[in-house]
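Coordinates from my_file.txt are shown below (compact mmCIF, C-alpha atoms and all ligand atoms).
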# COMPACT_ATOMS: atom_id res chain seq x y z
CA MET A 1 41.88 45.28 -17.16
CA LEU A 2 42.83 48.42 -15.33
CA SER A 3 40.62 51.36 -16.20
CA ARG A 4 42.43 54.50 -17.26
CA MET A 5 39.28 56.57 -16.86
CA THR A 6 39.77 59.52 -14.60
CA ARG A 7 36.95 61.44 -13.04
CA GLY A 8 36.46 65.12 -12.43
CA ALA A 9 36.34 66.67 -8.97
CA PHE A 10 33.28 68.08 -7.24
CA ILE A 11 34.31 71.46 -5.90
CA LEU A 12 31.74 73.33 -3.85
CA LEU A 13 31.62 76.97 -2.87
CA GLU A 14 29.33 77.76 0.03
CA GLY A 15 28.51 80.85 2.05
CA GLY A 16 25.96 83.56 2.67
CA ASP A 17 24.72 86.08 0.14
CA ARG A 18 27.17 88.70 -1.24
CA THR A 19 30.24 86.75 -0.17
CA GLY A 20 31.51 86.45 -3.76
CA LYS A 21 30.57 82.86 -4.54
CA SER A 22 29.44 83.51 -8.11
CA THR A 23 32.50 85.61 -8.95
CA GLN A 24 34.82 82.98 -7.47
CA CYS A 25 33.06 80.14 -9.29
CA ARG A 26 33.49 81.97 -12.60
CA ARG A 27 37.13 82.80 -11.86
CA LEU A 28 37.90 79.19 -10.91
CA VAL A 29 36.24 77.72 -14.00
CA GLU A 30 38.15 80.19 -16.23
CA TYR A 31 41.39 79.38 -14.47
CA LEU A 32 40.93 75.61 -14.72
CA GLN A 33 39.88 75.77 -18.36
CA GLY A 34 42.92 77.97 -19.07
CA ALA A 35 45.09 75.29 -17.47
CA GLY A 36 43.58 72.63 -19.72
CA VAL A 37 41.26 71.11 -17.12
CA ALA A 38 37.70 70.35 -18.26
CA ALA A 39 35.53 72.32 -15.85
CA GLN A 40 31.93 73.49 -15.70
CA HIS A 41 29.95 75.79 -13.45
CA ARG A 42 26.76 74.56 -11.75
CA ARG A 43 24.59 76.28 -9.19
CA PHE A 44 21.68 75.39 -6.95
CA PRO A 45 18.90 76.08 -7.53
CA GLY A 46 20.51 77.70 -10.60
CA ARG A 47 20.11 76.11 -13.96
CA TYR A 48 18.11 73.38 -12.33
CA ARG A 49 15.44 76.07 -11.93
CA THR A 50 14.08 75.06 -15.32
CA THR A 51 12.69 71.82 -13.89
CA THR A 52 9.18 71.63 -12.43
CA ILE A 53 10.67 71.54 -8.93
CA GLY A 54 13.03 74.40 -9.77
CA LYS A 55 10.12 76.56 -10.88
CA MET A 56 8.32 75.90 -7.60
CA ILE A 57 11.45 76.98 -5.73
CA ASP A 58 11.72 80.10 -7.87
CA ALA A 59 8.14 81.14 -7.19
CA TYR A 60 8.68 80.59 -3.48
CA LEU A 61 11.90 82.64 -3.39
CA ALA A 62 10.22 85.45 -5.33
CA GLY A 63 7.42 85.47 -2.75
CA SER A 64 4.66 84.64 -5.21
CA THR A 65 3.80 81.37 -3.46
CA GLN A 66 3.75 80.32 0.20
CA LEU A 67 4.90 76.90 1.32
CA ASP A 68 5.36 75.15 4.63
CA ASP A 69 9.03 75.38 5.76
CA ARG A 70 9.41 71.62 5.61
CA ALA A 71 7.84 71.39 2.17
CA ILE A 72 10.21 73.94 0.61
CA HIS A 73 13.14 72.28 2.37
CA LEU A 74 12.25 68.97 0.73
CA LEU A 75 11.86 70.67 -2.66
CA PHE A 76 15.38 72.14 -2.44
CA SER A 77 16.65 68.66 -1.60
CA ALA A 78 14.65 67.07 -4.42
CA ASN A 79 16.16 69.66 -6.76
CA ARG A 80 19.59 68.28 -5.86
CA TRP A 81 18.48 64.67 -6.24
CA GLU A 82 17.09 65.36 -9.70
CA ALA A 83 20.49 66.80 -10.68
CA VAL A 84 22.49 63.78 -9.52
CA ALA A 85 22.40 61.92 -12.83
CA ASP A 86 23.61 64.99 -14.73
CA MET A 87 26.36 65.68 -12.19
CA LYS A 88 27.54 62.07 -12.11
CA ALA A 89 27.66 61.88 -15.90
CA ALA A 90 29.78 65.01 -16.08
CA LEU A 91 32.15 63.90 -13.30
CA GLN A 92 32.56 60.46 -14.85
CA LYS A 93 33.42 62.08 -18.18
CA GLY A 94 36.31 63.75 -16.38
CA ILE A 95 34.66 67.15 -16.04
CA THR A 96 35.34 69.01 -12.81
CA LEU A 97 32.21 70.67 -11.46
CA VAL A 98 32.48 74.00 -9.68
CA VAL A 99 29.22 74.23 -7.76
CA ASP A 100 27.65 77.33 -6.20
CA ARG A 101 25.59 76.26 -3.12
CA TYR A 102 24.48 72.75 -2.20
CA ALA A 103 23.09 70.82 0.76
CA TYR A 104 24.99 72.96 3.31
CA SER A 105 23.02 76.01 2.14
CA GLY A 106 19.95 73.81 2.20
CA VAL A 107 20.42 72.97 5.87
CA ALA A 108 21.75 76.37 7.01
CA PHE A 109 18.89 78.39 5.47
CA SER A 110 16.11 76.07 6.64
CA ALA A 111 17.54 75.75 10.16
CA ALA A 112 17.93 79.55 10.36
CA LYS A 113 14.20 80.13 10.01
CA VAL A 114 12.21 81.18 13.05
CA SER A 115 10.23 77.96 12.91
CA GLY A 116 13.44 76.33 14.16
CA LEU A 117 13.80 73.13 12.14
CA SER A 118 16.60 71.09 13.72
CA LEU A 119 19.90 70.48 11.95
CA HIS A 120 19.25 66.77 12.37
CA TRP A 121 15.88 66.95 10.59
CA CYS A 122 17.23 69.22 7.87
CA LYS A 123 20.09 66.88 6.98
CA GLN A 124 17.99 63.75 6.49
CA PRO A 125 16.72 64.21 2.89
CA ASP A 126 20.23 64.96 1.56
CA ILE A 127 21.86 61.90 3.14
CA GLY A 128 23.55 59.82 0.45
CA LEU A 129 23.89 62.61 -2.12
CA LEU A 130 27.20 63.09 -3.91
CA ARG A 131 29.77 64.30 -1.41
CA PRO A 132 31.92 67.22 -2.55
CA ASP A 133 35.66 66.58 -2.86
CA LEU A 134 36.39 70.10 -1.66
CA VAL A 135 34.18 72.53 0.23
CA CYS A 136 35.27 76.18 0.21
CA TRP A 137 33.39 78.32 2.71
CA LEU A 138 33.48 81.99 1.79
CA ASP A 139 32.95 83.50 5.19
CA MET A 140 32.52 87.11 6.20
CA PRO A 141 30.49 89.15 8.70
CA VAL A 142 27.00 89.87 7.38
CA ASP A 143 27.45 93.63 7.86
CA ALA A 144 30.48 93.60 5.58
CA ALA A 145 28.53 91.58 3.03
CA THR A 146 25.62 94.02 2.94
CA GLN A 147 28.05 96.90 2.41
CA ARG A 148 28.74 95.32 -0.97
CA GLY A 149 25.20 96.19 -2.00
CA ALA A 150 21.81 96.20 -0.36
CA PHE A 151 19.82 93.00 -0.34
CA GLY A 152 17.04 92.79 -2.89
CA GLN A 153 13.51 91.57 -2.50
CA GLU A 154 14.18 87.83 -2.38
CA ARG A 155 12.72 85.95 0.57
CA TYR A 156 15.98 85.20 2.40
CA GLU A 157 17.74 88.51 1.75
CA ARG A 158 17.46 89.78 5.34
CA VAL A 159 20.27 90.62 7.72
CA ASP A 160 18.87 88.76 10.76
CA LEU A 161 18.35 85.56 8.80
CA GLN A 162 21.76 85.79 7.12
CA ARG A 163 23.41 86.11 10.55
CA ARG A 164 21.78 82.88 11.69
CA VAL A 165 22.72 81.21 8.39
CA ARG A 166 26.36 82.07 9.11
CA GLU A 167 26.10 80.49 12.57
CA TYR A 168 24.70 77.31 11.05
CA PHE A 169 27.47 77.16 8.46
CA ALA A 170 29.90 77.28 11.39
CA GLN A 171 28.09 74.33 12.98
CA LEU A 172 28.10 72.35 9.73
CA ARG A 173 31.76 73.02 9.05
CA GLU A 174 33.87 69.88 8.73
CA PRO A 175 37.60 69.67 9.51
CA ASP A 176 38.63 69.42 5.87
CA TRP A 177 36.78 72.55 4.71
CA LEU A 178 38.78 75.38 3.22
CA VAL A 179 37.55 78.39 5.20
CA LEU A 180 38.27 81.68 3.49
CA ASP A 181 38.09 85.21 4.76
CA ALA A 182 35.85 86.54 2.02
CA THR A 183 36.62 90.18 2.90
CA GLN A 184 39.97 89.72 1.16
CA SER A 185 40.46 90.75 -2.47
CA VAL A 186 38.94 88.67 -5.26
CA GLU A 187 42.46 87.73 -6.38
CA THR A 188 43.62 86.60 -2.94
CA VAL A 189 40.56 84.43 -2.41
CA HIS A 190 40.85 83.06 -5.94
CA GLU A 191 44.48 82.05 -5.50
CA ALA A 192 43.69 80.09 -2.34
CA ILE A 193 40.76 78.30 -3.95
CA ALA A 194 42.66 77.57 -7.17
CA GLN A 195 45.63 76.07 -5.35
CA HIS A 196 43.44 73.74 -3.30
CA ALA A 197 41.30 72.86 -6.31
CA VAL A 198 44.32 71.78 -8.35
CA ASP A 199 45.51 69.54 -5.50
CA VAL A 200 42.09 67.98 -5.02
CA ILE A 201 41.61 67.37 -8.76
CA ALA A 202 44.91 65.47 -8.84
CA VAL A 203 44.14 63.41 -5.75
CA CYS A 204 40.59 62.37 -6.53
CA GLN A 205 40.88 61.60 -10.23
CA HIS A 206 41.52 57.89 -9.62
CA GLN A 207 39.11 57.60 -6.70
CA PRO A 208 35.50 56.46 -7.04
CA LEU A 209 32.73 59.04 -6.83
CA ARG A 210 31.60 59.54 -3.26
CA GLU A 211 27.88 59.03 -2.83
CA ASP A 212 27.77 59.23 0.93
CA LEU A 213 27.01 62.76 2.02
CA TRP A 214 26.40 62.83 5.79
CA GLN A 215 26.62 59.04 6.08
N1 LIG B 1 18.70 78.18 -0.65
C1 LIG B 1 19.50 77.60 -1.55
C2 LIG B 1 17.98 77.42 0.28
O1 LIG B 1 17.24 77.96 1.10
N2 LIG B 1 18.10 76.06 0.27
C3 LIG B 1 18.91 75.43 -0.63
O2 LIG B 1 18.99 74.19 -0.62
C4 LIG B 1 19.64 76.22 -1.58
C5 LIG B 1 20.52 75.57 -2.59
O3 LIG B 1 18.02 79.99 -1.97
F1 LIG B 1 18.74 82.57 -0.34
C6 LIG B 1 18.51 79.64 -0.68
C7 LIG B 1 19.73 80.46 -0.52
C8 LIG B 1 19.37 81.74 -1.23
C9 LIG B 1 18.35 81.34 -2.27
O4 LIG B 1 20.12 81.19 -3.90
C10 LIG B 1 18.78 81.48 -3.72
P1 LIG B 1 21.11 82.25 -4.65
O5 LIG B 1 22.39 81.47 -4.81
O6 LIG B 1 21.28 83.42 -3.70
O7 LIG B 1 20.45 82.62 -5.92
MG MG B 2 20.86 85.29 -3.36
Mind turning this structure into structure tokens?
Amino acid sequence: MLSRMTRGAFILLEGGDRTGKSTQCRRLVEYLQGAGVAAQHRRFPGRYRTTTIGKMIDAYLAGSTQLDDRAIHLLFSANRWEAVADMKAALQKGITLVVDRYAYSGVAFSAAKVSGLSLHWCKQPDIGLLRPDLVCWLDMPVDAATQRGAFGQERYERVDLQRRVREYFAQLREPDWLVLDATQSVETVHEAIAQHAVDVIAVCQHQPLREDLWQ
């Protein structure tokens, strides 16, 4: 018997700090829900911060614990792996997930550290994770991003590091990414993302989930 089940799409927004990811995720979820599409917002580490691993990440980001660069990298990855069951269940129920940060942030931030972890090493623990159906990279110069408000006290909120993060996003970029000039207005960026999201949701609803990130 042919299954009539349709799945949701995995839509990912990536980029440095202050590029508008959270605003755009909210706008996209509101837009999709308004158009009758079941959609939910997820973020990494985000709501998965309530797990034991998430709390370790939180303490590290706040600066209250120190961890080896490789150890924290593996914790960020483990935090994605522990979310897989929840994400798959939602997608299989037909819910589109609009996700704020994922493995690309994981690799870009770890590789950008002065200890110089290689891209190759950084990608290994995330191999085989769910692959996003659409990656939107909100890109802008770091100086323009900081003009939107000074960085706070979190561990990675530093201009030099954010510049290197941007360079690593450029290296990780795949041909099918939607690259957006995030200096444009919220509305302009939103319209581009929304249009692509609608197309991707239609295309992937009858396709199997993709569990082959970086494979
Ligand atoms: N971050 C985020 C990483 O270093 N690795 C990861 O795998 C992820 C998902 O965590 F500085 C960094 C990026 C950022 C910090 O994220 C917290 P938010 O989205 O800025 O809260
Ligand atoms: Mg931040």
Excluding stretch 15-25 of chain A and its own-chain neighbours fewer than 5 positions away, which residues fall within 6 Å of it when counting only C-alpha atoms? Please give them as an MDAnalysis selection string. chainID A and resid 137:138 145
When you count only C-alpha atoms, which of these residues is closest to A:Arg155: A:Val203, A:Phe109, A:Arg27, A:Thr52?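 Looking at the shortest contact to A:Arg155, the residue is A:Phe109.
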Hey, can you check how far atom CA of A:Ile11 sits from atom CA of A:Ala108?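 Result for atom CA of A:Ile11 versus atom CA of A:Ala108: 18.7 Å, one decimal.
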With a distance cut-off of 12 Å and only C-alpha atoms, select the neighbouring residues of A:Pro45, excluding the residue or stretch itself and same-chain residues fewer than 6 positions from it, and output the selection as number ranges by chain. A: 51-61, 75-83, 99-103, 105-106
Between atom CA of A:Thr50 and atom CA of A:His190, distance in Å (one decimal): 29.5 Å
Within 12 Å of stretch 160-176 of chain A, counting only C-alpha atoms, which residues show up once you throw out same-chain ones fewer than 2 positions away? Write them as an MDAnalysis selection string, please. chainID A and resid 14:19 101:120 122:123 132:146 151 155:158 178:179 196 200 213:214
In terms of the shortest atom-to-atom distance over all atoms listed in the file, which of A:Met5, A:Leu32, A:Ala62, A:Ile193 is closest to ligand LIG 1 (chain B)?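 That would be A:Ala62, the residue with the smallest distance to ligand LIG 1 (chain B).
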Just checking: using only C-alpha atoms and all ligand atoms, which residue out of A:Thr65, A:Glu154, A:Arg131, A:Val84 ends up closest to ligand MG 2 (chain B)? A:Glu154
Do a neighbour search on A:Val198 at 10 Å with all atoms listed in the file, toss out local chain neighbours closer than 3 positions, and write the hits as a PyMOL selection string. chain A and resi 9+32+35+37+193-195+201-203
What lies within 12 Å of A:Asp86 using only C-alpha atoms, ignoring chain neighbours under 4 positions off, as a list of chain:residue names?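 Listing them by chain and then by number gives A:Gln40, A:Arg42, A:Arg47, A:Tyr48, A:Asn79, A:Arg80, A:Trp81, A:Glu82, A:Ala90, A:Leu91, A:Gln92, A:Lys93, A:Ile95, A:Leu97, A:Leu130.
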For those residues, write C-alpha atoms to a file as a compact mmCIF listing (two decimals), in the coordinates of the input.
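See result_23.txt below for the written result:
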# COMPACT_ATOMS: atom_id res chain seq x y z
CA GLN A 40 31.93 73.49 -15.70
CA ARG A 42 26.76 74.56 -11.75
CA ARG A 47 20.11 76.11 -13.96
CA TYR A 48 18.11 73.38 -12.33
CA ASN A 79 16.16 69.66 -6.76
CA ARG A 80 19.59 68.28 -5.86
CA TRP A 81 18.48 64.67 -6.24
CA GLU A 82 17.09 65.36 -9.70
CA ALA A 90 29.78 65.01 -16.08
CA LEU A 91 32.15 63.90 -13.30
CA GLN A 92 32.56 60.46 -14.85
CA LYS A 93 33.42 62.08 -18.18
CA ILE A 95 34.66 67.15 -16.04
CA LEU A 97 32.21 70.67 -11.46
CA LEU A 130 27.20 63.09 -3.91
To one decimal in Å, tell me the separation between atom CA of A:Asp181 and atom CA of A:Glu211.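 Taking atom CA of A:Asp181 as the start and atom CA of A:Glu211 as the end point, the length is 29.1 Å.
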Measuring between all atoms listed in the file, which one of A:Gln215, A:Gln66, A:Gln153, A:Thr96 shows the shortest distance to ligand LIG 1 (chain B)?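 With all atoms listed in the file as the atom set, the closest residue is A:Gln153.
Nearest to A:Ala197 of all the residues A:Trp121, A:Leu12, A:Asp68, A:Arg26 is A:Leu12, based on all atoms listed in the file.
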Rank A:Ala150, A:Met87, A:Ile72, A:Leu209 by their smallest atom-to-atom distance to ligand MG 2 (chain B), using all atoms listed in the file, and report the top residue only. A:Ala150
How big is the axis-aligned box around the listed atoms of stretch 183-195 of chain A once 8 Å is added on each side, and where is its centre? Give both in Å to one decimal, as JSON.
{"center_x": 41.1, "center_y": 83.4, "center_z": -2.1, "size_x": 25.0, "size_y": 30.7, "size_z": 26.1}
